[in-house]
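**Q** The structure follows.
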Amino acid sequence: MSSACPHAIAIDPMVADLTGETARLRAAGAVTRIELLGVPVWTITEHALARQLLTDTRLVKDINSWGLWTSGVVTRQWPLIGMIDAGRSMFTVDGAEHRRLRIKTTQALTPRRLEALRPSIEALVAELLDNLEAAAREGEVVDLKQVFAYPLPMRVISELMGVEPGDQAMLLDWYKKFFSMMTPQDERLRVIDAMDVYFTEMVRRKTASPGDDLTSALILADEGGDPLTEEEVVGNLKALVAAGHETTVSLIVNTVRALLTRPEQLEALRSGDVDWKQAIEETLRYDGPVTHLLMRFATEDITVGDTVIEKGEGVVISYRAVGRDTAVHGADADEYDITRTTANRNISFGYGPHICPGAALARLEAAIGLPALFERFPGLKLAIPDEEITHLPVLTQNDVAALPISI
């Protein structure tokens, strides 16, 4: 399959030079052609334009509005198709139906319910820090991502959604294979089928015997229109578990990495001169969890400056490039600065109707886990030079392979 555009910037699936790629996208302009594994789409790299288009009703999530899909140029063999053709959920529909599907989740993810999670998150953080200390011992190198940043959000979202503890390792493995560009497409499709079976069985069990979890709340919710169908609950559940752990892993890892290479900023946090929330927002802006968010489709021609996004074309928001917008964040937008006054203007969790419903949960986990980590281990340091840290071959997520540290 190839529908390549000779003038498009090819996005590297191996993520060999994310910083350089981000700079090239920014230099190419606010709206530019990119190529995703042989498929041409438009991408947006400017903050103001991203906000505008994320609320433009002429751009929709429905894959059947994508000309390359309906014409058969893009098929199920395209490695990124599972992120777009993902079943019916609040992530794949728009308008009134989106509001109906989303309201069930937002009513369950209230600030009160999230705050009620704080004690269990604090206890989990303490347990994982014990594990980290046991793994590190005297000067031993340990992967902070594997021991701390990965299990924290997966266990939190699993508890929230009602996933059995014994299934979490399996789910982590499935999602790794789903996102990795190294996974053969036939295997990825098998993983997608396995997840569909797993989550459908889980929904059926909870329909028969509801519990005190968000999945049961989605099944039982009767506000905001017709109850959710089984397919809709499964779709929401599948996407919430994915987004609920992947984004937080990257947020924690990228914040730790940034601070360990900028000791003066870390000291400002330790002394209380700067609030941890500010560091979290700066990480979201500068090195956020999502690199390129797939995808919206034009239902009619949309003129953007001198560019026309034609009906049926796909549009991606390149959130990492958006976060480096100098018009919003100043001439030093390529620098990490926890005192930056515009950091909280980041849109790394999206904007408009489809803004990530779990953004507050990710921020809460980071706000609990990060200060506890640095308080427990004041001697925490990278075990390898920063420039030797590599990214996983994940085209959409900003995900390092490992973060080796010593305590």
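Going through the structure tokens in order, the chains are called A, B, and so on, while each chain numbers its residues from 1 and the ligands are numbered from 1 in the order shown.
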Can you list every residue of segment 306-386 of chain A that has an atom at most 6 Å from segment 277-290 of chain A, with its nearest atom pair and the distance in Å to one decimal, using only C-alpha atoms, ordered by chain then number, as a Markdown table?

**A**
```
| residue | atom | partner | partner_atom | distance |
| --- | --- | --- | --- | --- |
| A:Gly323 | CA | A:Arg285 | CA | 4.7 |
| A:Ile338 | CA | A:Ala279 | CA | 4.9 |
| A:Ala343 | CA | A:Glu282 | CA | 4.9 |
| A:Asn344 | CA | A:Glu281 | CA | 5.4 |
| A:Asn346 | CA | A:Arg285 | CA | 5.1 |
| A:Ser348 | CA | A:Leu284 | CA | 5.9 |
```

**Q** Could those residues be written to a file, using C-alpha atoms, as an mmCIF file, in the first residue's frame?

**A**
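The resulting again11.cif:
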```cif
data_model
loop_
_atom_site.group_PDB
_atom_site.id
_atom_site.type_symbol
_atom_site.label_atom_id
_atom_site.label_comp_id
_atom_site.auth_asym_id
_atom_site.auth_seq_id
_atom_site.Cartn_x
_atom_site.Cartn_y
_atom_site.Cartn_z
ATOM 1 C CA GLY A 323 3.858 22.739 22.498
ATOM 2 C CA ILE A 338 9.471 25.241 35.132
ATOM 3 C CA ALA A 343 3.111 26.397 30.605
ATOM 4 C CA ASN A 344 -0.461 25.894 31.752
ATOM 5 C CA ASN A 346 -0.584 23.704 26.880
ATOM 6 C CA SER A 348 -1.356 18.317 25.431
#
```

**Q** Mind checking which residues fall within 12 Å of Lys176 of chain A, counting only C-alpha atoms, ignoring those fewer than 2 positions away in the same chain, and posting them as a PyMOL selection string?

**A** chain A and resi 150+169-174+178-183+187-188+191-192+242+245-246+392-394+397+399+401

**Q** Could you give me, as a PyMOL selection string, the residues within 9 Å of Leu380 of chain A, counting only C-alpha atoms and dropping anything in the same chain fewer than 6 positions from it?

**A** chain A and resi 260+373-374+405-407

**Q** Taking a cut-off of 12 Å and counting only C-alpha atoms, can you build a table that, for each residue of segment 216-281 of chain A near segment 353-358 of chain A, reports the nearest atom pair and how far apart they are in Å (one decimal), sorted by chain then residue number, as a Markdown table?

**A**
```
| residue | atom | partner | partner_atom | distance |
| --- | --- | --- | --- | --- |
| A:Asn236 | CA | A:Pro357 | CA | 10.8 |
| A:Ala239 | CA | A:Cys356 | CA | 10.7 |
| A:Leu240 | CA | A:Gly358 | CA | 7.7 |
| A:Val241 | CA | A:Gly358 | CA | 9.9 |
| A:Ala242 | CA | A:Gly358 | CA | 10.8 |
| A:Ala243 | CA | A:Gly358 | CA | 7.7 |
| A:Gly244 | CA | A:Gly358 | CA | 6.4 |
| A:His245 | CA | A:Gly358 | CA | 9.8 |
| A:Glu246 | CA | A:Gly358 | CA | 11.3 |
| A:Thr247 | CA | A:Gly358 | CA | 9.4 |
| A:Thr248 | CA | A:Gly358 | CA | 9.8 |
```

**Q** Would you list the contacts of segment 210-220 of chain A as JSON, numbers by chain, taking every protein, DNA or RNA residue within 8 Å and counting only C-alpha atoms, but skipping same-chain residues closer than 6 positions in sequence?

**A** {"A": [104, 105, 108, 159, 160, 161, 162, 203, 227, 228, 230, 233, 237]}
